[in-house]
$ cat work15.cif   # mmCIF, C-alpha atoms
data_entry
#
loop_
_atom_site.label_atom_id
_atom_site.label_comp_id
_atom_site.auth_asym_id
_atom_site.auth_seq_id
_atom_site.Cartn_x
_atom_site.Cartn_y
_atom_site.Cartn_z
CA MET A 3 -58.88 75.80 -38.92
CA GLU A 4 -55.22 75.23 -38.09
CA LYS A 5 -55.80 76.26 -34.47
CA LEU A 6 -58.72 73.81 -34.20
CA ILE A 7 -56.55 70.89 -35.38
CA ARG A 8 -53.80 71.80 -32.92
CA ARG A 9 -56.28 71.85 -30.01
CA THR A 10 -58.05 68.57 -30.85
CA ALA A 11 -54.98 66.46 -31.70
CA PRO A 12 -53.66 66.14 -28.08
CA ALA A 13 -57.15 65.28 -26.86
CA ALA A 14 -57.51 62.54 -29.49
CA LEU A 15 -54.05 61.21 -28.65
CA LEU A 16 -54.88 61.14 -24.92
CA LEU A 17 -58.18 59.35 -25.60
CA GLY A 18 -56.36 56.77 -27.71
CA LEU A 19 -53.84 56.11 -24.93
CA LEU A 20 -56.62 55.72 -22.36
CA LEU A 21 -58.46 53.23 -24.59
CA LEU A 22 -55.24 51.27 -25.14
CA GLN A 23 -54.54 51.18 -21.40
CA ALA A 24 -58.11 50.08 -20.66
CA THR A 25 -57.86 47.31 -23.26
CA LEU A 26 -54.61 45.99 -21.82
CA SER A 27 -55.94 46.06 -18.25
CA PHE A 28 -59.15 44.28 -19.27
CA SER A 29 -57.22 41.51 -21.02
CA GLN A 30 -54.94 40.93 -18.07
CA LEU A 31 -57.80 40.51 -15.60
CA SER A 32 -60.25 38.67 -17.82
CA VAL A 33 -57.86 35.73 -18.25
CA HIS A 34 -58.69 34.67 -14.68
CA GLY A 35 -62.47 35.08 -14.97
CA ASN A 36 -64.72 37.36 -12.91
CA PHE A 37 -62.15 40.13 -13.40
CA LYS A 38 -60.20 38.90 -10.38
CA ALA A 39 -56.70 37.53 -10.35
CA LEU A 40 -56.40 34.14 -8.63
CA PRO A 41 -53.88 33.82 -5.80
CA ALA A 42 -50.64 31.96 -6.32
CA GLY A 43 -50.17 28.45 -4.98
CA PRO A 44 -52.20 25.23 -5.12
CA PRO A 45 -55.88 25.69 -6.07
CA GLU A 46 -56.87 23.58 -3.07
CA LEU A 47 -55.81 26.43 -0.80
CA ASP A 48 -57.82 29.09 -2.63
CA ARG A 49 -60.92 29.87 -0.57
CA GLU A 50 -62.71 31.14 -3.68
CA ALA A 51 -62.18 27.86 -5.56
CA VAL A 52 -63.40 25.49 -2.81
CA PRO A 53 -67.20 25.24 -2.44
CA TRP A 54 -68.73 25.56 1.01
CA LEU A 55 -71.38 23.26 2.39
CA PRO A 56 -73.96 21.98 1.71
CA PHE A 57 -72.84 19.52 -0.96
CA GLU A 58 -75.38 17.35 -2.80
CA GLU A 59 -74.97 14.49 -5.28
CA ASP A 60 -77.74 12.38 -6.83
CA TRP A 61 -75.89 11.43 -10.06
CA SER A 62 -78.70 12.91 -12.15
CA THR A 63 -76.24 13.99 -14.86
CA GLY A 64 -74.99 10.42 -15.27
CA LEU A 65 -71.38 11.56 -14.91
CA PHE A 66 -68.75 11.46 -12.18
CA GLU A 67 -67.07 14.48 -13.73
CA THR A 68 -69.96 16.91 -13.09
CA ASN A 69 -69.06 17.33 -9.40
CA GLU A 70 -65.39 16.44 -9.95
CA TRP A 71 -65.33 12.95 -8.44
CA THR A 72 -62.11 11.01 -9.00
CA TYR A 73 -61.85 7.25 -9.46
CA GLN A 74 -59.76 4.62 -11.20
CA GLN A 75 -60.49 4.77 -14.91
CA ASN A 76 -61.62 1.49 -16.53
CA GLY A 77 -62.08 0.08 -13.04
CA ASN A 78 -65.04 -1.15 -11.01
CA TRP A 79 -66.67 2.19 -10.16
CA ARG A 80 -69.32 3.23 -12.67
CA ILE A 81 -72.67 5.02 -13.03
CA ALA A 82 -75.64 2.61 -12.92
CA GLY A 83 -78.07 4.42 -15.19
CA GLN A 84 -81.09 2.17 -14.64
CA VAL A 85 -80.83 1.49 -10.89
CA GLY A 86 -80.87 3.84 -7.91
CA ASN A 87 -82.98 5.42 -5.20
CA ASP A 88 -84.12 6.82 -7.70
CA ALA A 89 -81.97 5.96 -10.72
CA PRO A 90 -79.20 6.60 -11.50
CA SER A 91 -76.65 5.77 -8.78
CA ALA A 92 -72.94 5.14 -8.32
CA GLU A 93 -71.95 1.48 -8.32
CA PHE A 94 -68.91 -0.53 -7.36
CA PHE A 95 -69.29 -3.59 -9.61
CA TYR A 96 -67.57 -6.97 -9.18
CA SER A 97 -66.13 -6.83 -12.72
CA PRO A 98 -63.34 -6.60 -13.69
CA ALA A 99 -62.42 -9.28 -11.17
CA SER A 100 -59.94 -7.94 -8.63
CA THR A 101 -57.99 -9.53 -5.77
CA ASN A 102 -56.39 -7.80 -2.78
CA TYR A 103 -57.84 -4.54 -4.05
CA GLN A 104 -58.49 -1.03 -2.79
CA LYS A 105 -60.52 1.17 -5.13
CA ALA A 106 -61.97 4.53 -4.12
CA LEU A 107 -64.53 7.00 -5.38
CA THR A 108 -63.28 10.32 -4.01
CA SER A 109 -65.07 13.66 -3.71
CA ARG A 110 -63.70 17.02 -4.74
CA LEU A 111 -62.32 19.33 -2.05
CA LEU A 112 -65.00 20.90 0.16
CA SER A 113 -64.74 23.62 2.79
CA ALA A 114 -66.02 23.77 6.35
CA ARG A 115 -63.59 26.57 7.24
CA ASN A 116 -66.39 29.07 7.76
CA LEU A 117 -68.37 26.89 10.19
CA ILE A 118 -67.86 27.59 13.89
CA ASP A 119 -71.00 26.05 15.40
CA GLY A 120 -73.35 23.16 14.79
CA ASP A 121 -72.52 19.64 13.62
CA ILE A 122 -71.53 18.43 10.16
CA PHE A 123 -73.14 15.31 8.73
CA LEU A 124 -72.50 13.02 5.77
CA SER A 125 -75.65 11.24 4.61
CA PHE A 126 -76.08 8.71 1.80
CA ASP A 127 -78.24 5.81 0.62
CA ILE A 128 -76.58 2.41 0.18
CA LYS A 129 -77.59 -0.95 -1.27
CA HIS A 130 -75.50 -4.14 -1.24
CA THR A 131 -75.76 -7.48 -3.01
CA THR A 132 -73.37 -10.22 -1.95
CA VAL A 133 -72.52 -13.53 -3.64
CA ASN A 134 -70.41 -15.38 -1.06
CA PRO A 135 -70.91 -13.84 2.41
CA THR A 136 -67.28 -14.15 3.45
CA GLY A 137 -67.17 -10.95 5.51
CA LEU A 138 -63.88 -10.15 3.76
CA GLU A 139 -65.15 -7.60 1.23
CA PHE A 140 -65.68 -4.09 2.60
CA LEU A 141 -67.04 -0.69 1.76
CA LYS A 142 -65.62 2.09 3.92
CA VAL A 143 -66.46 5.76 4.20
CA GLN A 144 -63.37 7.82 4.94
CA VAL A 145 -62.62 11.51 5.48
CA LEU A 146 -59.38 13.34 4.69
CA ALA A 147 -59.04 16.65 6.54
CA ASP A 148 -55.37 16.77 7.45
CA SER A 149 -52.85 14.23 6.18
CA ALA A 150 -54.48 10.84 6.75
CA TRP A 151 -57.74 9.15 5.80
CA ILE A 152 -60.02 8.49 8.78
CA THR A 153 -62.61 5.70 8.56
CA VAL A 154 -65.97 6.95 9.86
CA TRP A 155 -68.09 3.97 8.76
CA ALA A 156 -67.54 0.48 7.32
CA ASP A 157 -69.62 -2.50 6.21
CA SER A 158 -68.75 -6.02 5.00
CA ASN A 159 -70.41 -8.53 2.68
CA THR A 160 -72.01 -10.67 5.39
CA SER A 161 -75.49 -10.23 3.85
CA SER A 162 -77.39 -8.48 1.08
CA TYR A 163 -79.80 -5.64 1.82
CA ASP A 164 -82.00 -3.15 -0.03
CA TRP A 165 -81.65 0.62 0.00
CA THR A 166 -81.03 2.07 3.43
CA ASN A 167 -79.91 5.50 4.60
CA LYS A 168 -76.77 6.17 6.63
CA LYS A 169 -76.18 9.42 8.49
CA LEU A 170 -72.68 9.97 9.87
CA LYS A 171 -71.54 12.83 12.10
CA ILE A 172 -68.12 13.95 10.88
CA THR A 173 -67.84 17.19 12.87
CA ASN A 174 -64.63 16.41 14.75
CA ALA A 175 -62.77 15.38 11.62
CA VAL A 176 -63.66 18.28 9.32
CA LYS A 177 -64.94 21.33 11.21
CA GLY A 178 -62.96 24.45 10.36
CA LYS A 179 -61.04 22.67 7.59
CA ALA A 180 -61.02 21.92 3.89
CA PHE A 181 -61.63 18.22 3.37
CA ARG A 182 -62.46 15.35 1.04
CA PHE A 183 -64.42 12.17 1.62
CA ARG A 184 -64.42 8.87 -0.25
CA PHE A 185 -66.11 5.52 -0.62
CA LEU A 186 -63.39 2.88 -0.50
CA ALA A 187 -64.13 -0.64 -1.71
CA GLU A 188 -61.53 -3.13 -0.59
CA GLY A 189 -61.21 -6.85 -0.10
CA GLN A 190 -59.66 -10.14 -1.13
CA ASN A 191 -61.80 -11.09 -4.12
CA SER A 192 -64.40 -8.86 -5.81
CA LEU A 193 -66.14 -11.97 -7.23
CA ASP A 194 -67.53 -12.62 -3.73
CA ILE A 195 -69.89 -9.67 -4.16
CA PHE A 196 -72.18 -8.44 -6.91
CA ASN A 197 -72.05 -4.73 -6.09
CA TRP A 198 -72.17 -1.82 -3.67
CA MET A 199 -74.48 1.02 -4.72
CA ILE A 200 -74.44 4.64 -3.46
CA ASP A 201 -77.04 7.36 -4.02
CA ASN A 202 -78.35 10.67 -2.62
CA ILE A 203 -75.17 11.90 -0.98
CA SER A 204 -75.43 15.01 1.19
CA VAL A 205 -72.87 16.83 3.34
CA TYR A 206 -74.38 19.57 5.47
CA ARG A 207 -74.27 21.50 8.74
CA LYS A 208 -77.07 21.26 11.31
CA CYS A 209 -77.38 23.46 14.37
CA ALA A 210 -79.10 22.44 17.59
CA SER A 211 -82.36 24.15 18.50
CA PRO A 212 -82.02 27.12 20.87
CA LEU A 213 -82.51 26.47 24.58
CA ASN A 214 -84.53 28.59 27.01
CA PHE A 215 -85.73 30.71 24.14
CA ARG A 216 -88.18 33.53 24.91
CA ALA A 217 -89.97 35.63 22.32
#
$ encode --input "work15.cif" --output "structure tokens"
Amino acid sequence: MEKLIRRTAPAALLLGLLLLQATLSFSQLSVHGNFKALPAGPPELDREAVPWLPFEEDWSTGLFETNEWTYQQNGNWRIAGQVGNDAPSAEFFYSPASTNYQKALTSRLLSARNLIDGDIFLSFDIKHTTVNPTGLEFLKVQVLADSAWITVWADSNTSSYDWTNKKLKITNAVKGKAFRFRFLAEGQNSLDIFNWMIDNISVYRKCASPLNFRA
């Protein structure tokens, strides 16, 4: 009996040490999720943390936070729950009244680093209602891929119009890069408009059809 205890004790001790080591290793990795340590440095530079295209947004959750949009809190950007193409939609509303303003609704970081061919498009539906058609209130679509925002489309409050689709080619600005895009409302007096409305946003890559193709 004494010999049996002497033989089993080292084995039990070794098993206990292995279990302890496994527990410590599991805890260290599980803090980061997916059992993989995240790289050091800003999260924006982590390829694993930045979603690739396509990107879609129809505001169906009723929240900006779902897809990590950023905007000025308690400002003019809001979710219009009862109006859209179809409802809901994002809305830049005239209230609170603002003068000499610039207020943006900005996307999260997206990645086109893995794309080497084809063109990249930004598509969205827009509706505008003006009050005083001064031509001095604007909605701009801008892209940030390096260090400066580039305007790829702009419209002013010269007239009201119903829902219409815009399709913008942004290949040159974003291909092979991580980037953001934003809807920037700016002007002299927000009381000269009623609203700008945005719905059904899509950012995607499209490749040209093959030429001289033979089966």
$ resolve_selection --input "work15.cif" --expression "the PyMOL selection byres ((chain A and resi 196) around 6)" --output "list in words"
Tyr96, Thr131, Thr132, Ile195 and Asn197 of chain A
$ atom_distance --input "work15.cif" --atom1 "CA of Phe123 in chain A" --atom2 "CA of Asn167 in chain A"
12.6 Å
$ atom_distance --input "work15.cif" --atom1 "CA of Lys208 in chain A" --atom2 "CA of Asn87 in chain A"
23.6 Å
$ closest_residue --input "work15.cif" --among "A:Glu93, A:Glu58, A:Asp88, A:Asp121" --to "Lys171 in chain A" --atoms "only C-alpha atoms"
A:Asp121
$ closest_residue --input "work15.cif" --among "A:Leu186, A:Asp201, A:Val145, A:His130" --to "Tyr163 in chain A" --atoms "all atoms listed in the file"
A:His130
$ residues_around --input "work15.cif" --residues "Tyr73 in chain A" --least-positions-apart "5" --cutoff "8 Å" --atoms "all atoms listed in the file" --output "ChimeraX atom specification"
/A:79,105-108
$ resolve_selection --input "work15.cif" --expression "the PyMOL selection byres ((chain A and resi 70) around 10)" --output "PDB file with C-alpha atoms, in the frame of the given file"
ATOM      1  CA  LEU A  65     -71.380  11.560 -14.910  1.00  0.00           C
ATOM      2  CA  PHE A  66     -68.750  11.460 -12.180  1.00  0.00           C
ATOM      3  CA  GLU A  67     -67.070  14.480 -13.730  1.00  0.00           C
ATOM      4  CA  THR A  68     -69.960  16.910 -13.090  1.00  0.00           C
ATOM      5  CA  ASN A  69     -69.060  17.330  -9.400  1.00  0.00           C
ATOM      6  CA  TRP A  71     -65.330  12.950  -8.440  1.00  0.00           C
ATOM      7  CA  THR A  72     -62.110  11.010  -9.000  1.00  0.00           C
ATOM      8  CA  TYR A  73     -61.850   7.250  -9.460  1.00  0.00           C
ATOM      9  CA  THR A 108     -63.280  10.320  -4.010  1.00  0.00           C
ATOM     10  CA  SER A 109     -65.070  13.660  -3.710  1.00  0.00           C
ATOM     11  CA  ARG A 110     -63.700  17.020  -4.740  1.00  0.00           C
ATOM     12  CA  LEU A 111     -62.320  19.330  -2.050  1.00  0.00           C
TER      13      LEU A 111
END
$ resolve_selection --input "work15.cif" --expression "the PyMOL selection byres ((chain A and resi 55) around 9)" --output "list in words"
Pro53, Trp54, Pro56, Phe57, Glu58, Leu112, Ser113, Ala114, Val205, Tyr206 and Arg207 of chain A
$ closest_residue --input "work15.cif" --among "A:Ile118, A:Met199, A:Asp127, A:Thr101" --to "Thr173 in chain A" --atoms "only C-alpha atoms"
A:Ile118
